[in-house]
>>> print(open('input_29.cif').read())   # mmCIF, C-alpha atoms
data_run
loop_
_atom_site.group_PDB
_atom_site.id
_atom_site.type_symbol
_atom_site.label_atom_id
_atom_site.label_comp_id
_atom_site.auth_asym_id
_atom_site.auth_seq_id
_atom_site.Cartn_x
_atom_site.Cartn_y
_atom_site.Cartn_z
ATOM 1 C CA MET A 1 160.629 103.804 77.157
ATOM 2 C CA THR A 2 157.740 102.023 78.848
ATOM 3 C CA LEU A 3 154.183 102.050 77.546
ATOM 4 C CA GLY A 4 153.174 104.334 80.403
ATOM 5 C CA ASN A 5 155.966 106.760 79.551
ATOM 6 C CA LYS A 6 154.927 106.769 75.893
ATOM 7 C CA ILE A 7 151.329 107.583 76.825
ATOM 8 C CA ARG A 8 152.382 110.331 79.269
ATOM 9 C CA SER A 9 154.817 111.815 76.767
ATOM 10 C CA ARG A 10 152.214 111.929 73.984
ATOM 11 C CA ARG A 11 149.566 113.379 76.328
ATOM 12 C CA LYS A 12 151.945 116.168 77.364
ATOM 13 C CA GLU A 13 152.994 116.713 73.739
ATOM 14 C CA LEU A 14 149.339 117.425 72.957
ATOM 15 C CA GLY A 15 148.998 119.697 75.998
ATOM 16 C CA LEU A 16 146.403 117.488 77.659
ATOM 17 C CA THR A 17 145.995 116.947 81.372
ATOM 18 C CA GLN A 18 145.136 113.528 82.753
ATOM 19 C CA PRO A 19 141.525 114.624 83.414
ATOM 20 C CA GLU A 20 141.244 115.912 79.824
ATOM 21 C CA LEU A 21 142.564 112.643 78.401
ATOM 22 C CA ALA A 22 140.238 110.731 80.706
ATOM 23 C CA ALA A 23 137.237 112.678 79.429
ATOM 24 C CA LYS A 24 138.330 112.291 75.810
ATOM 25 C CA SER A 25 138.868 108.541 76.169
ATOM 26 C CA ARG A 26 135.943 107.926 78.556
ATOM 27 C CA LEU A 27 138.307 106.388 81.096
ATOM 28 C CA THR A 28 138.897 107.612 84.623
ATOM 29 C CA GLN A 29 141.727 109.931 85.586
ATOM 30 C CA GLY A 30 142.829 107.345 88.149
ATOM 31 C CA TYR A 31 143.083 104.694 85.442
ATOM 32 C CA ILE A 32 145.114 107.037 83.204
ATOM 33 C CA SER A 33 147.447 107.740 86.126
ATOM 34 C CA LYS A 34 147.968 104.046 86.864
ATOM 35 C CA VAL A 35 148.678 103.298 83.191
ATOM 36 C CA GLU A 36 151.155 106.179 82.980
ATOM 37 C CA HIS A 37 152.920 104.889 86.107
ATOM 38 C CA ASP A 38 152.985 101.341 84.674
ATOM 39 C CA GLU A 39 150.764 100.002 87.450
ATOM 40 C CA TYR A 40 148.228 98.759 84.862
ATOM 41 C CA VAL A 41 148.741 97.432 81.362
ATOM 42 C CA PRO A 42 145.684 98.267 79.263
ATOM 43 C CA LYS A 43 143.887 95.555 77.344
ATOM 44 C CA ALA A 44 144.093 95.812 73.564
ATOM 45 C CA ALA A 45 140.681 97.494 73.228
ATOM 46 C CA THR A 46 141.591 100.125 75.823
ATOM 47 C CA LEU A 47 144.955 100.716 74.174
ATOM 48 C CA ILE A 48 143.135 101.409 70.905
ATOM 49 C CA VAL A 49 140.869 103.916 72.667
ATOM 50 C CA LEU A 50 143.892 105.646 74.204
ATOM 51 C CA ALA A 51 145.717 105.748 70.879
ATOM 52 C CA ILE A 52 142.739 107.276 69.095
ATOM 53 C CA SER A 53 142.311 109.792 71.927
ATOM 54 C CA LEU A 54 145.974 110.739 71.515
ATOM 55 C CA ASP A 55 145.700 111.018 67.704
ATOM 56 C CA LEU A 56 147.950 108.018 67.111
ATOM 57 C CA ALA A 57 147.678 104.730 65.298
ATOM 58 C CA PRO A 58 147.441 101.971 67.930
ATOM 59 C CA ASN A 59 150.650 100.331 66.708
ATOM 60 C CA GLU A 60 152.634 103.473 67.623
ATOM 61 C CA PHE A 61 152.667 102.315 71.249
ATOM 62 C CA LEU A 62 154.118 98.963 70.252
ATOM 63 C CA LYS A 63 157.054 100.213 68.200
ATOM 64 C CA GLU A 64 160.497 99.688 69.637
ATOM 65 C CA GLU A 65 162.807 102.656 69.910
ATOM 66 C CA ARG A 66 165.915 102.479 67.816
ATOM 67 C CA ARG A 67 169.105 102.923 69.718
ATOM 68 C CA ALA A 68 172.014 104.871 68.310
ATOM 69 C CA GLY A 69 175.206 102.936 68.022
#
>>> encode(input="input_29.cif", output="structure tokens")
Amino acid sequence: MTLGNKIRSRRKELGLTQPELAAKSRLTQGYISKVEHDEYVPKAATLIVLAISLDLAPNEFLKEERRAG
């Protein structure tokens, strides 16, 4: 799962729209959209802001998924 997919998935899990996450994180909705579509990779400081806005520890976005098998 890409970083953008992880952010989108967590946002939807919390029932937030892109504009709501943008307001909560003080980023623009356009920026959120581009991150979720993997057009932008946020800098570390912005990733921390997004993680906090999504009630996650910043390292949650960096964890690898374990594959069954």
>>> residues_near_point(input="input_29.cif", point="(154.5, 105.0, 79.2)", cutoff="9 Å", atoms="only C-alpha atoms", output="list in words")
Met1, Thr2, Leu3, Gly4, Asn5, Lys6, Ile7, Arg8, Ser9, Arg10, Val35, Glu36, His37, Asp38 and Phe61 of chain A
>>> write_last_selection(input="input_29.cif", atoms="C-alpha atoms", output="PDB file, keeping the file's coordinate frame")
ATOM      1  CA  MET A   1     160.629 103.804  77.157  1.00  0.00           C
ATOM      2  CA  THR A   2     157.740 102.023  78.848  1.00  0.00           C
ATOM      3  CA  LEU A   3     154.183 102.050  77.546  1.00  0.00           C
ATOM      4  CA  GLY A   4     153.174 104.334  80.403  1.00  0.00           C
ATOM      5  CA  ASN A   5     155.966 106.760  79.551  1.00  0.00           C
ATOM      6  CA  LYS A   6     154.927 106.769  75.893  1.00  0.00           C
ATOM      7  CA  ILE A   7     151.329 107.583  76.825  1.00  0.00           C
ATOM      8  CA  ARG A   8     152.382 110.331  79.269  1.00  0.00           C
ATOM      9  CA  SER A   9     154.817 111.815  76.767  1.00  0.00           C
ATOM     10  CA  ARG A  10     152.214 111.929  73.984  1.00  0.00           C
ATOM     11  CA  VAL A  35     148.678 103.298  83.191  1.00  0.00           C
ATOM     12  CA  GLU A  36     151.155 106.179  82.980  1.00  0.00           C
ATOM     13  CA  HIS A  37     152.920 104.889  86.107  1.00  0.00           C
ATOM     14  CA  ASP A  38     152.985 101.341  84.674  1.00  0.00           C
ATOM     15  CA  PHE A  61     152.667 102.315  71.249  1.00  0.00           C
TER      16      PHE A  61
END
>>> atom_distance(input="input_29.cif", atom1="CA of Leu14 in chain A", atom2="CA of Gly30 in chain A")
19.4 Å
>>> residues_around(input="input_29.cif", residues="range 16-26 of chain A", least_positions_apart="6", cutoff="8 Å", atoms="all atoms listed in the file", output="count of residues only")
6
>>> residues_around(input="input_29.cif", residues="Pro58 in chain A", least_positions_apart="2", cutoff="7 Å", atoms="all atoms listed in the file", output="PyMOL selection string")
chain A and resi 47-48+51+56+60-61
>>> closest_residue(input="input_29.cif", among="A:Asn59, A:Arg11, A:Glu64, A:Thr28", to="Ala44 in chain A", atoms="all atoms listed in the file")
A:Asn59
